[in-house]
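The file structure-v8.pdb comes next; it holds PDB, C-alpha atoms, pLDDT in the B column.
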```pdb
ATOM      1  CA  THR H   1    -194.825  44.526  85.666  1.00 82.00           C
ATOM      2  CA  TYR H   2    -192.949  41.773  87.498  1.00 87.00           C
ATOM      3  CA  ASP H   3    -189.796  42.160  89.564  1.00 86.00           C
ATOM      4  CA  LEU H   4    -188.410  38.645  90.048  1.00 85.00           C
ATOM      5  CA  TYR H   5    -185.307  38.586  92.200  1.00 83.00           C
ATOM      6  CA  ASN H   6    -183.359  36.240  94.432  1.00 82.00           C
ATOM      7  CA  PRO H   7    -184.063  36.428  98.182  1.00 79.00           C
ATOM      8  CA  LYS H   8    -180.351  37.045  98.820  1.00 84.00           C
ATOM      9  CA  GLU H   9    -178.068  39.707  97.319  1.00 85.00           C
ATOM     10  CA  TYR H  10    -174.715  38.618  95.856  1.00 86.00           C
ATOM     11  CA  THR H  11    -171.607  40.454  94.763  1.00 85.00           C
ATOM     12  CA  ARG H  12    -169.765  39.300  91.657  1.00 85.00           C
ATOM     13  CA  LYS H  13    -166.937  38.013  93.903  1.00 88.00           C
ATOM     14  CA  GLU H  14    -169.387  35.939  95.987  1.00 89.00           C
ATOM     15  CA  VAL H  15    -170.749  34.292  92.836  1.00 89.00           C
ATOM     16  CA  ILE H  16    -167.239  33.534  91.568  1.00 89.00           C
ATOM     17  CA  ASP H  17    -166.243  32.107  94.973  1.00 89.00           C
ATOM     18  CA  LEU H  18    -169.358  29.913  94.994  1.00 88.00           C
ATOM     19  CA  VAL H  19    -168.588  28.603  91.493  1.00 88.00           C
ATOM     20  CA  GLN H  20    -164.988  27.842  92.516  1.00 88.00           C
ATOM     21  CA  PHE H  21    -166.230  25.970  95.582  1.00 86.00           C
ATOM     22  CA  LEU H  22    -168.790  23.929  93.642  1.00 85.00           C
ATOM     23  CA  LEU H  23    -166.507  23.076  90.736  1.00 84.00           C
ATOM     24  CA  HIS H  24    -163.493  22.198  92.901  1.00 82.00           C
ATOM     25  CA  ASP H  25    -161.482  24.195  90.406  1.00 83.00           C
ATOM     26  CA  ARG H  26    -159.877  27.620  90.110  1.00 85.00           C
ATOM     27  CA  VAL H  27    -161.955  30.195  88.242  1.00 81.00           C
ATOM     28  CA  TRP H  28    -159.776  32.934  86.829  1.00 84.00           C
ATOM     29  CA  HIS H  29    -161.086  36.419  87.404  1.00 84.00           C
ATOM     30  CA  VAL H  30    -159.443  39.678  86.387  1.00 86.00           C
ATOM     31  CA  ASN H  31    -160.790  43.067  87.404  1.00 86.00           C
ATOM     32  CA  VAL H  32    -160.767  45.317  84.344  1.00 88.00           C
ATOM     33  CA  PRO H  33    -161.582  49.031  84.592  1.00 91.00           C
ATOM     34  CA  THR H  34    -164.999  49.785  83.114  1.00 90.00           C
ATOM     35  CA  SER H  35    -163.622  52.419  80.729  1.00 91.00           C
ATOM     36  CA  LEU H  36    -161.123  49.934  79.259  1.00 94.00           C
ATOM     37  CA  LEU H  37    -163.728  47.197  79.004  1.00 91.00           C
ATOM     38  CA  ARG H  38    -166.144  49.590  77.274  1.00 92.00           C
ATOM     39  CA  ALA H  39    -163.461  50.498  74.700  1.00 93.00           C
ATOM     40  CA  VAL H  40    -162.686  46.833  74.017  1.00 92.00           C
ATOM     41  CA  SER H  41    -166.391  46.057  73.755  1.00 91.00           C
ATOM     42  CA  ARG H  42    -166.805  48.689  71.013  1.00 91.00           C
ATOM     43  CA  ILE H  43    -164.204  46.843  68.961  1.00 91.00           C
ATOM     44  CA  ALA H  44    -165.690  43.442  69.780  1.00 89.00           C
ATOM     45  CA  ASP H  45    -169.108  44.720  68.750  1.00 87.00           C
ATOM     46  CA  MET H  46    -167.803  45.150  65.181  1.00 88.00           C
ATOM     47  CA  LEU H  47    -166.740  41.512  64.888  1.00 87.00           C
ATOM     48  CA  PRO H  48    -169.008  39.072  63.026  1.00 87.00           C
ATOM     49  CA  PHE H  49    -169.804  37.049  66.167  1.00 85.00           C
ATOM     50  CA  HIS H  50    -171.287  38.586  69.286  1.00 82.00           C
ATOM     51  CA  TYR H  51    -168.903  38.744  72.235  1.00 81.00           C
ATOM     52  CA  THR H  52    -170.097  41.790  74.146  1.00 84.00           C
ATOM     53  CA  SER H  53    -171.364  45.294  73.581  1.00 87.00           C
ATOM     54  CA  PRO H  54    -170.857  48.630  75.333  1.00 89.00           C
ATOM     55  CA  HIS H  55    -174.438  48.400  76.574  1.00 89.00           C
ATOM     56  CA  GLU H  56    -173.711  45.052  78.277  1.00 90.00           C
ATOM     57  CA  VAL H  57    -170.639  46.570  79.934  1.00 89.00           C
ATOM     58  CA  ASP H  58    -172.782  49.393  81.294  1.00 89.00           C
ATOM     59  CA  LEU H  59    -175.318  46.877  82.627  1.00 87.00           C
ATOM     60  CA  MET H  60    -172.536  44.979  84.441  1.00 84.00           C
ATOM     61  CA  SER H  61    -171.726  48.082  86.481  1.00 83.00           C
ATOM     62  CA  VAL H  62    -175.327  48.707  87.630  1.00 84.00           C
ATOM     63  CA  ASP H  63    -176.764  47.023  90.724  1.00 82.00           C
ATOM     64  CA  ASP H  64    -180.085  45.267  90.228  1.00 79.00           C
ATOM     65  CA  VAL H  65    -182.191  46.403  93.154  1.00 79.00           C
ATOM     66  CA  PRO H  66    -185.784  45.262  93.713  1.00 80.00           C
ATOM     67  CA  SER H  67    -188.380  47.955  93.159  1.00 80.00           C
ATOM     68  CA  GLU H  68    -190.298  49.317  96.134  1.00 82.00           C
ATOM     69  CA  ASP H  69    -193.294  50.248  93.973  1.00 85.00           C
ATOM     70  CA  PRO H  70    -196.367  48.404  95.380  1.00 85.00           C
ATOM     71  CA  SER H  71    -197.834  47.924  91.876  1.00 88.00           C
ATOM     72  CA  VAL H  72    -194.853  45.759  90.834  1.00 89.00           C
ATOM     73  CA  HIS H  73    -195.522  42.029  91.268  1.00 89.00           C
ATOM     74  CA  THR H  74    -193.016  39.584  92.776  1.00 88.00           C
ATOM     75  CA  PHE H  75    -192.618  35.804  93.150  1.00 87.00           C
ATOM     76  CA  ALA H  76    -194.962  35.970  96.160  1.00 86.00           C
ATOM     77  CA  ASP H  77    -197.767  37.277  93.925  1.00 88.00           C
ATOM     78  CA  LEU H  78    -197.275  34.235  91.715  1.00 89.00           C
ATOM     79  CA  GLY H  79    -197.247  31.827  94.679  1.00 88.00           C
ATOM     80  CA  ILE H  80    -193.612  30.879  94.051  1.00 88.00           C
ATOM     81  CA  GLN H  81    -190.978  30.525  96.764  1.00 85.00           C
ATOM     82  CA  PRO H  82    -187.594  31.268  95.114  1.00 85.00           C
ATOM     83  CA  HIS H  83    -184.470  29.360  96.160  1.00 81.00           C
ATOM     84  CA  THR H  84    -181.101  30.909  96.860  1.00 80.00           C
ATOM     85  CA  LEU H  85    -178.280  30.545  94.368  1.00 84.00           C
ATOM     86  CA  GLU H  86    -176.546  28.006  96.628  1.00 81.00           C
ATOM     87  CA  LEU H  87    -179.515  25.656  96.272  1.00 78.00           C
ATOM     88  CA  ALA H  88    -179.775  25.811  92.500  1.00 81.00           C
ATOM     89  CA  ALA H  89    -176.287  26.490  91.126  1.00 84.00           C
ATOM     90  CA  LEU H  90    -174.715  23.043  91.341  1.00 80.00           C
ATOM     91  CA  GLN H  91    -177.353  21.276  89.262  1.00 80.00           C
ATOM     92  CA  TYR H  92    -176.517  23.622  86.370  1.00 84.00           C
ATOM     93  CA  ILE H  93    -172.738  23.847  86.632  1.00 84.00           C
ATOM     94  CA  ARG H  94    -171.735  20.405  87.937  1.00 80.00           C
ATOM     95  CA  HIS H  95    -170.997  19.198  84.387  1.00 82.00           C
ATOM     96  CA  TYR H  96    -168.139  21.705  84.236  1.00 85.00           C
ATOM     97  CA  ARG H  97    -166.374  20.028  87.148  1.00 83.00           C
ATOM     98  CA  PRO H  98    -163.028  18.362  86.420  1.00 84.00           C
ATOM     99  CA  PRO H  99    -163.479  14.650  85.601  1.00 82.00           C
ATOM    100  CA  GLN H 100    -162.128  13.497  88.978  1.00 82.00           C
ATOM    101  CA  HIS H 101    -164.984  15.374  90.723  1.00 76.00           C
ATOM    102  CA  GLU H 102    -167.799  14.572  88.285  1.00 72.00           C
ATOM    103  CA  GLU H 103    -169.257  11.828  90.489  1.00 74.00           C
ATOM    104  CA  ASP H 104    -168.926  13.746  93.779  1.00 75.00           C
ATOM    105  CA  PRO H 105    -172.170  14.115  95.714  1.00 70.00           C
ATOM    106  CA  MET H 106    -174.330  17.154  95.040  1.00 65.00           C
ATOM    107  CA  GLU H 107    -173.864  18.342  98.634  1.00 64.00           C
ATOM    108  CA  PRO H 108    -170.226  18.739  99.727  1.00 60.00           C
ATOM    109  CA  ALA H 109    -169.424  17.354 103.185  1.00 60.00           C
ATOM    110  CA  GLY H 110    -170.458  19.699 105.956  1.00 57.00           C
ATOM    111  CA  TYR H 111    -172.274  22.127 103.634  1.00 59.00           C
ATOM    112  CA  LYS H 112    -175.961  22.161 104.475  1.00 59.00           C
ATOM    113  CA  ALA H 113    -177.042  25.085 102.267  1.00 54.00           C
ATOM    114  CA  PHE H 114    -178.095  22.681  99.511  1.00 53.00           C
ATOM    115  CA  ARG H 115    -180.801  21.031 101.579  1.00 56.00           C
ATOM    116  CA  LYS H 116    -184.174  22.014 100.252  1.00 57.00           C
ATOM    117  CA  PRO H 117    -187.132  22.211 102.617  1.00 58.00           C
ATOM    118  CA  PRO H 118    -189.520  19.268 102.247  1.00 61.00           C
ATOM    119  CA  VAL H 119    -192.424  19.807  99.879  1.00 61.00           C
ATOM    120  CA  PRO H 120    -195.737  19.418 101.707  1.00 60.00           C
ATOM    121  CA  VAL H 121    -198.005  16.864 100.027  1.00 61.00           C
ATOM    122  CA  SER H 122    -201.597  16.309 101.025  1.00 62.00           C
ATOM    123  CA  ASN H 123    -203.705  13.249 100.268  1.00 59.00           C
ATOM    124  CA  LYS H 124    -205.908  15.214  97.865  1.00 63.00           C
ATOM    125  CA  ASP H 125    -202.838  15.897  95.655  1.00 57.00           C
ATOM    126  CA  ILE H 126    -202.318  12.166  95.101  1.00 57.00           C
ATOM    127  CA  VAL H 127    -204.392  10.763  92.271  1.00 57.00           C
ATOM    128  CA  ALA H 128    -205.079   7.019  92.444  1.00 52.00           C
TER     129      ALA H 128
END
```
How does the structure come out when it is put into structure tokens?
Amino acid sequence: TYDLYNPKEYTRKEVIDLVQFLLHDRVWHVNVPTSLLRAVSRIADMLPFHYTSPHEVDLMSVDDVPSEDPSVHTFADLGIQPHTLELAALQYIRHYRPPQHEEDPMEPAGYKAFRKPPVPVSNKDIVA
């Protein structure tokens, strides 16, 4: 069993704030009570196209917490160093920026969280 998680914990609001910051655009967010959302999802589940289901609503209200079981494997067992969301998010969502910001640099001025650590390369890795 593998438990692959981000090195940093985020709330839903922190993710929305990060997306707003990266897109240079307002992201509309409405807090809906879980009971109301579950009722709406039951109706949406009957529609021909999938929108959401009551099970997905229940999953949205549960925190994903890494397991403390020593038999569960993590990124470290695979030799992988995961990046934080701040490092990876922009490369996936930058195409949703408004057109006037499409050509902006990947790293906003004064924001150093996007700088990745240098990848060590040894001479034996280079094939002539």
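Comparing H:Pro54, H:Pro82, H:Pro98, H:Pro33 by their smallest distance to Leu4 (chain H), the closest is H:Pro82 (using all atoms listed in the file).
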Between CA of His101 (chain H) and CA of Leu22 (chain H), what is the distance, to one decimal in Å? 9.8 Å
Let me know the residues the PyMOL selection byres ((chain H and resi 57) around 10) catches in the file above, as a PyMOL selection string. chain H and resi 34-35+37-42+52-56+58-62
Can you list what the PyMOL selection byres ((chain H and resi 74-78) around 10) grabs from this structure, as number ranges by chain? H: 1-7, 66-67, 70-73, 79-82
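Take CA of Thr11 (chain H) and CA of Asp64 (chain H): the distance between them is 10.8 Å.
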Correct to one decimal, the distance CA of Leu18 (chain H)-CA of Ala89 (chain H) is 8.6 Å
Starting from the shown file, work through the PyMOL selection byres ((chain H and resi 25) around 12) and note down what comes out as an MDAnalysis selection string. chainID H and resid 16:24 26:28 93:94 96:102
So for region 61-70 of chain H, what box centre and size do we get, axis-aligned, 3 Å extra on each of the six sides, every listed atom, Å to one decimal, as JSON?
```
{"center_x": -184.0, "center_y": 47.8, "center_z": 91.3, "size_x": 30.6, "size_y": 11.0, "size_z": 15.7}
```
